[in-house]
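**Q** Sharing a structure, written as structure tokens. Questions coming.
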Amino acid sequence: MYTPQLVGTIAVCLVVGAVTVPAGLVLGRRVAREAMWQREAAEAERRSEESRRRLVAGMSHDLRSPLAGICGMADALVDGVVRDPVEVRDYLARIRREGSRMTAMVEDLFQLSRATSGTLQLTLEPLALAEIASDAVAAEAHPDVAVLADKPETWPTVLGSDTDLTRVLRNILANAVRHTDAGGAVRLSAGIRGGEAWLRVDDGCGGIPEADLPFLFDIGYRGSGARTPSEHIGAGLGLSIARGLMAAQGGGISLANHGQGCRTEITLAVAARPTRVATLP
């Protein structure tokens, strides 16, 4: 039998349930989101730490090799083991070459620190993509690999940093040319999509293993497979630097398998066309 006391108890329970159940659901969702955020943060920290360890190990190995060569050749010259003028010139040329390799590695470390600092602020200005690409192509020209541009006179003008955009494009072209077989071609194209400018570089590297694709922009990561390691490959910093520099310009960069090779694409904001526009050779 329902008594006033029982009715009151039921009413209180209903009110308490109406308040606590939604509050519990909200709190549960918040706790779940917090736990997910913590897991993601821990995973990001783990990957960052792994990248740092890989970078230190890779740079230690890459710097040790030229240093050992320089010390060995210098000792041979100082001790008089090598005296023939032709051999002396050869040793000096090799010392210079190894020194240049070390200088390039140190420069990469500086640029990586700059690009990933999170505080990099660049002065952006209108830049003709065709002009930037022309300078990069001239710097990375290779006698055995053709570099072809698709209608450069129609390429858009973007907001970017001249020095840093050129560095990014030179890095992309150097990789594309290096990993394209002799007699092959690297193709550049550009356009506008959804109010955003894009520039693509298609190479003939033969493709990258799918397992490597998610990690290509990680610091110090060096994949294998179609892109066979060689003495010309650096410490695996180029794409990490490129990603940081593109982000500082308000743009992005991506890399994926395409056809018989890879396609690297950069994106930037569109700007008004400048008065001076260059075309690719």
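Naming works like this for the structure tokens: A, B, ... for the chains as they're shown, residue 1 at the start of each chain, ligands 1 onward in shown order.
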List the spatial neighbours of range 114-130 of chain A as a list of chain:residue names - criterion: any atom at most 6 Å away, only C-alpha atoms, same-chain residues fewer than 6 positions off excluded.
**A**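 Everything that qualifies: A:Pro152, A:Thr157, A:Val158, A:Leu159, A:Gly160, A:Ser161, A:Ile241, A:Gly244, A:Leu245, A:Ala271, A:Ala278, A:Thr279.
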**Q** For the residues selected in the previous step, produce a file with N, CA, C and O atoms as a PDB file, in the first residue's frame.
**A**
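Below is the file result-v2.pdb, written as the result:
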ATOM      1  N   PRO A 152      54.148  25.900 -66.394  1.00  0.00           N
ATOM      2  CA  PRO A 152      54.545  26.768 -65.273  1.00  0.00           C
ATOM      3  C   PRO A 152      54.021  28.197 -65.386  1.00  0.00           C
ATOM      4  O   PRO A 152      53.896  28.882 -64.369  1.00  0.00           O
ATOM      5  N   THR A 157      50.443  32.198 -57.448  1.00  0.00           N
ATOM      6  CA  THR A 157      51.324  32.935 -56.550  1.00  0.00           C
ATOM      7  C   THR A 157      50.871  32.654 -55.122  1.00  0.00           C
ATOM      8  O   THR A 157      49.673  32.619 -54.837  1.00  0.00           O
ATOM      9  N   VAL A 158      51.816  32.454 -54.237  1.00  0.00           N
ATOM     10  CA  VAL A 158      51.495  32.034 -52.868  1.00  0.00           C
ATOM     11  C   VAL A 158      52.085  32.994 -51.850  1.00  0.00           C
ATOM     12  O   VAL A 158      52.962  33.810 -52.173  1.00  0.00           O
ATOM     13  N   LEU A 159      51.603  32.890 -50.619  1.00  0.00           N
ATOM     14  CA  LEU A 159      52.201  33.604 -49.500  1.00  0.00           C
ATOM     15  C   LEU A 159      53.192  32.673 -48.821  1.00  0.00           C
ATOM     16  O   LEU A 159      52.818  31.602 -48.326  1.00  0.00           O
ATOM     17  N   GLY A 160      54.467  33.071 -48.818  1.00  0.00           N
ATOM     18  CA  GLY A 160      55.479  32.209 -48.217  1.00  0.00           C
ATOM     19  C   GLY A 160      56.758  32.963 -47.947  1.00  0.00           C
ATOM     20  O   GLY A 160      56.877  34.159 -48.213  1.00  0.00           O
ATOM     21  N   SER A 161      57.730  32.237 -47.414  1.00  0.00           N
ATOM     22  CA  SER A 161      59.064  32.769 -47.173  1.00  0.00           C
ATOM     23  C   SER A 161      59.977  32.283 -48.291  1.00  0.00           C
ATOM     24  O   SER A 161      60.119  31.060 -48.472  1.00  0.00           O
ATOM     25  N   ILE A 241      62.309  18.609 -41.380  1.00  0.00           N
ATOM     26  CA  ILE A 241      62.564  20.038 -41.544  1.00  0.00           C
ATOM     27  C   ILE A 241      61.522  20.651 -42.466  1.00  0.00           C
ATOM     28  O   ILE A 241      60.968  21.722 -42.186  1.00  0.00           O
ATOM     29  N   GLY A 244      58.177  21.170 -40.725  1.00  0.00           N
ATOM     30  CA  GLY A 244      58.204  22.304 -39.805  1.00  0.00           C
ATOM     31  C   GLY A 244      58.187  23.639 -40.531  1.00  0.00           C
ATOM     32  O   GLY A 244      57.483  24.568 -40.131  1.00  0.00           O
ATOM     33  N   LEU A 245      58.955  23.742 -41.620  1.00  0.00           N
ATOM     34  CA  LEU A 245      59.010  25.002 -42.366  1.00  0.00           C
ATOM     35  C   LEU A 245      57.698  25.284 -43.086  1.00  0.00           C
ATOM     36  O   LEU A 245      57.271  26.436 -43.184  1.00  0.00           O
ATOM     37  N   ALA A 271      48.158  34.063 -52.977  1.00  0.00           N
ATOM     38  CA  ALA A 271      48.388  35.502 -52.839  1.00  0.00           C
ATOM     39  C   ALA A 271      48.205  36.173 -54.184  1.00  0.00           C
ATOM     40  O   ALA A 271      48.105  35.513 -55.226  1.00  0.00           O
ATOM     41  N   ALA A 278      58.678  34.312 -63.193  1.00  0.00           N
ATOM     42  CA  ALA A 278      59.644  33.533 -63.975  1.00  0.00           C
ATOM     43  C   ALA A 278      58.999  32.260 -64.465  1.00  0.00           C
ATOM     44  O   ALA A 278      58.004  31.797 -63.926  1.00  0.00           O
ATOM     45  N   THR A 279      59.562  31.697 -65.524  1.00  0.00           N
ATOM     46  CA  THR A 279      59.082  30.408 -66.033  1.00  0.00           C
ATOM     47  C   THR A 279      60.228  29.409 -65.975  1.00  0.00           C
ATOM     48  O   THR A 279      61.400  29.784 -66.057  1.00  0.00           O
TER      49      THR A 279
END
**Q** Quick one: residues within 12 Å of Glu87 in chain A, only C-alpha atoms, excluding same-chain residues fewer than 5 positions away - as a PyMOL selection string?
**A** chain A and resi 73+76-77+80-82+92-94
**Q** How would the residues just chosen look if you wrote them out with N, CA and C atoms as a PDB file, in the first residue's frame?
**A**
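Output (again-v3.pdb):
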ATOM      1  N   MET A  73      93.213  10.105 -42.672  1.00  0.00           N
ATOM      2  CA  MET A  73      93.933  10.728 -43.792  1.00  0.00           C
ATOM      3  C   MET A  73      94.868  11.825 -43.310  1.00  0.00           C
ATOM      4  N   ALA A  76      97.955  10.210 -41.928  1.00  0.00           N
ATOM      5  CA  ALA A  76      98.814   9.711 -43.005  1.00  0.00           C
ATOM      6  C   ALA A  76      99.630  10.838 -43.630  1.00  0.00           C
ATOM      7  N   LEU A  77      99.014  12.015 -43.761  1.00  0.00           N
ATOM      8  CA  LEU A  77      99.734  13.161 -44.336  1.00  0.00           C
ATOM      9  C   LEU A  77     100.782  13.692 -43.369  1.00  0.00           C
ATOM     10  N   GLY A  80     103.830  11.424 -42.980  1.00  0.00           N
ATOM     11  CA  GLY A  80     104.607  11.224 -44.187  1.00  0.00           C
ATOM     12  C   GLY A  80     104.367   9.893 -44.864  1.00  0.00           C
ATOM     13  N   VAL A  81     103.308   9.179 -44.454  1.00  0.00           N
ATOM     14  CA  VAL A  81     102.989   7.912 -45.100  1.00  0.00           C
ATOM     15  C   VAL A  81     102.611   8.150 -46.549  1.00  0.00           C
ATOM     16  N   VAL A  82     101.916   9.243 -46.793  1.00  0.00           N
ATOM     17  CA  VAL A  82     101.519   9.623 -48.146  1.00  0.00           C
ATOM     18  C   VAL A  82     102.358  10.837 -48.544  1.00  0.00           C
ATOM     19  N   LEU A  92      93.662  15.344 -49.726  1.00  0.00           N
ATOM     20  CA  LEU A  92      93.129  16.653 -49.346  1.00  0.00           C
ATOM     21  C   LEU A  92      91.718  16.851 -49.899  1.00  0.00           C
ATOM     22  N   ALA A  93      91.488  16.386 -51.124  1.00  0.00           N
ATOM     23  CA  ALA A  93      90.151  16.499 -51.708  1.00  0.00           C
ATOM     24  C   ALA A  93      89.146  15.669 -50.918  1.00  0.00           C
ATOM     25  N   ARG A  94      89.571  14.482 -50.485  1.00  0.00           N
ATOM     26  CA  ARG A  94      88.669  13.623 -49.705  1.00  0.00           C
ATOM     27  C   ARG A  94      88.400  14.224 -48.333  1.00  0.00           C
TER      28      ARG A  94
END
**Q** Which residues, written as a VMD selection string, have at least one atom at most 7 Å from Glu98 in chain A, with only C-alpha atoms counted and residues fewer than 3 positions away on the same chain left out?
**A** chain A and resid 66 70 94 to 95 101 to 102
**Q** Give me the residues near Leu255 in chain A as a VMD selection string, where near means some atom within 10 Å (using only C-alpha atoms) and where sequence neighbours in that chain fewer than 5 positions away do not count.
**A** chain A and resid 172 200 to 202 208 213 to 214 216 to 217 239 262 to 266
**Q** Assign secondary structure with DSSP using the backbone only, and return the residues of range 75-181 of chain A in helix (DSSP H, G or I) as an MDAnalysis selection string.
**A** chainID A and resid 75:78 85:115 129:139 152:154 162:178
**Q** Which residues are close to Ala269 in chain A, i.e. within 8 Å by only C-alpha atoms, leaving aside same-chain residues fewer than 4 positions away? Reply as a VMD selection string.
**A** chain A and resid 158 to 159 195 to 197 250 to 251
**Q** Between A:Cys205, A:Ala139, A:Ala185, A:Leu199, single out the one closest to Arg170 in chain A, counting only C-alpha atoms.
**A**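 Smallest separation from Arg170 in chain A among the options: A:Ala139.
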**Q** Would you return as a list in words the members of range 30-153 of chain A that DSSP assigns to strand (DSSP E or B) on this structure's backbone?
**A**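 Taking range 30-153 of chain A and keeping strand (DSSP E or B) only, one gets Glu125, Pro126, Leu127, Ala128, His142, Val145, Ala146, Val147, Leu148 and Ala149 of chain A.
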**Q** Please identify all polymer residues within 12 Å of Val147 in chain A, counting only C-alpha atoms, omitting same-chain residues fewer than 6 positions from it, and present them as a PyMOL selection string.
**A** chain A and resi 133-134+136-141+173-174+176-178+180+182-189+201-204+280-281
**Q** Output N, CA, C and O atoms of each residue in that selection to a file, as a CSV table (one decimal), in the first residue's frame.
**A**
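Below you can see again01.csv, which holds the result:
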chain,number,residue,atom,x,y,z
A,133,ALA,N,60.4,27.4,-58.1
A,133,ALA,CA,60.7,26.1,-58.7
A,133,ALA,C,61.9,26.2,-59.6
A,133,ALA,O,62.7,25.3,-59.7
A,134,SER,N,61.9,27.3,-60.4
A,134,SER,CA,63.0,27.5,-61.4
A,134,SER,C,64.4,27.5,-60.6
A,134,SER,O,65.3,26.8,-61.1
A,136,ALA,N,65.1,26.1,-57.7
A,136,ALA,CA,65.3,24.8,-57.1
A,136,ALA,C,65.7,23.8,-58.2
A,136,ALA,O,66.6,23.0,-58.0
A,137,VAL,N,65.1,23.9,-59.4
A,137,VAL,CA,65.5,23.0,-60.5
A,137,VAL,C,66.9,23.2,-60.9
A,137,VAL,O,67.7,22.3,-61.2
A,138,ALA,N,67.3,24.5,-61.0
A,138,ALA,CA,68.6,24.8,-61.4
A,138,ALA,C,69.7,24.3,-60.4
A,138,ALA,O,70.7,23.8,-60.8
A,139,ALA,N,69.3,24.3,-59.1
A,139,ALA,CA,70.3,23.9,-58.1
A,139,ALA,C,70.4,22.4,-58.0
A,139,ALA,O,71.4,21.8,-57.7
A,140,GLU,N,69.3,21.7,-58.4
A,140,GLU,CA,69.2,20.2,-58.2
A,140,GLU,C,69.3,19.5,-59.6
A,140,GLU,O,68.9,18.3,-59.6
A,141,ALA,N,69.7,20.2,-60.6
A,141,ALA,CA,69.8,19.6,-62.0
A,141,ALA,C,70.7,18.3,-62.0
A,141,ALA,O,71.7,18.3,-61.3
A,173,LEU,N,63.0,18.0,-54.4
A,173,LEU,CA,63.5,17.7,-55.7
A,173,LEU,C,64.8,16.9,-55.6
A,173,LEU,O,65.0,15.9,-56.4
A,174,ALA,N,65.6,17.2,-54.6
A,174,ALA,CA,66.8,16.4,-54.4
A,174,ALA,C,66.5,14.9,-54.1
A,174,ALA,O,67.1,14.0,-54.7
A,176,ALA,N,63.6,13.4,-55.0
A,176,ALA,CA,63.0,12.8,-56.2
A,176,ALA,C,64.0,12.5,-57.2
A,176,ALA,O,64.0,11.4,-57.8
A,177,VAL,N,65.0,13.4,-57.5
A,177,VAL,CA,66.0,13.1,-58.5
A,177,VAL,C,66.9,11.9,-58.1
A,177,VAL,O,67.3,11.1,-58.9
A,178,ARG,N,67.3,11.9,-56.8
A,178,ARG,CA,68.2,10.9,-56.3
A,178,ARG,C,67.6,9.5,-56.4
A,178,ARG,O,68.4,8.6,-56.7
A,180,THR,N,65.2,8.5,-58.5
A,180,THR,CA,64.7,8.1,-59.8
A,180,THR,C,65.8,7.6,-60.7
A,180,THR,O,66.9,8.1,-60.7
A,182,ALA,N,68.3,6.4,-63.7
A,182,ALA,CA,68.8,7.2,-64.9
A,182,ALA,C,67.9,6.9,-66.1
A,182,ALA,O,67.4,5.8,-66.3
A,183,GLY,N,67.6,8.0,-66.8
A,183,GLY,CA,66.7,7.9,-67.9
A,183,GLY,C,65.3,8.2,-67.6
A,183,GLY,O,64.4,8.4,-68.4
A,184,GLY,N,65.0,8.3,-66.3
A,184,GLY,CA,63.6,8.6,-65.8
A,184,GLY,C,63.4,10.1,-65.7
A,184,GLY,O,64.2,10.9,-66.2
A,185,ALA,N,62.2,10.5,-65.2
A,185,ALA,CA,61.9,11.9,-65.2
A,185,ALA,C,61.2,12.2,-63.9
A,185,ALA,O,60.5,11.4,-63.2
A,186,VAL,N,61.3,13.4,-63.4
A,186,VAL,CA,60.6,14.0,-62.3
A,186,VAL,C,59.7,15.1,-62.8
A,186,VAL,O,60.2,16.0,-63.6
A,187,ARG,N,58.4,15.1,-62.5
A,187,ARG,CA,57.5,16.0,-63.0
A,187,ARG,C,56.9,16.9,-61.9
A,187,ARG,O,56.5,16.4,-60.9
A,188,LEU,N,56.8,18.2,-62.3
A,188,LEU,CA,56.3,19.2,-61.4
A,188,LEU,C,55.0,19.7,-62.0
A,188,LEU,O,54.9,20.0,-63.2
A,189,SER,N,54.0,19.9,-61.1
A,189,SER,CA,52.8,20.6,-61.5
A,189,SER,C,52.2,21.4,-60.3
A,189,SER,O,52.6,21.2,-59.2
A,201,VAL,N,55.3,17.1,-56.8
A,201,VAL,CA,56.5,16.6,-57.4
A,201,VAL,C,56.3,15.1,-57.5
A,201,VAL,O,56.3,14.4,-56.5
A,202,ASP,N,56.2,14.6,-58.7
A,202,ASP,CA,56.1,13.1,-59.0
A,202,ASP,C,57.4,12.6,-59.5
A,202,ASP,O,58.0,13.1,-60.4
A,203,ASP,N,57.9,11.5,-58.8
A,203,ASP,CA,59.2,10.9,-59.2
A,203,ASP,C,59.0,9.5,-59.6
A,203,ASP,O,57.9,9.0,-59.8
A,204,GLY,N,60.1,8.8,-59.9
A,204,GLY,CA,60.1,7.4,-60.4
A,204,GLY,C,60.8,6.5,-59.5
A,204,GLY,O,61.6,5.7,-60.0
A,280,LEU,N,59.9,28.2,-65.8
A,280,LEU,CA,60.9,27.1,-65.8
A,280,LEU,C,61.5,26.9,-67.1
A,280,LEU,O,60.8,27.0,-68.1
A,281,PRO,N,62.8,26.5,-67.2
A,281,PRO,CA,63.4,26.2,-68.4
A,281,PRO,C,62.8,25.0,-69.1
A,281,PRO,O,62.3,24.1,-68.4
**Q** Could you tell me how far CA of Pro156 in chain A sits from CA of Gly191 in chain A, in Å to one decimal place?
**A** 6.2 Å
**Q** Could you check how far CA of Val78 in chain A sits from CA of Arg97 in chain A, in Å to one decimal?
**A** 18.7 Å
**Q** List the neighbours of Thr103 in chain A out to 12 Å using only C-alpha atoms; skip same-chain residues closer than 6 positions along the sequence, and give me the result as a PyMOL selection string.
**A** chain A and resi 62-63+66-67+96-97+109-110+234
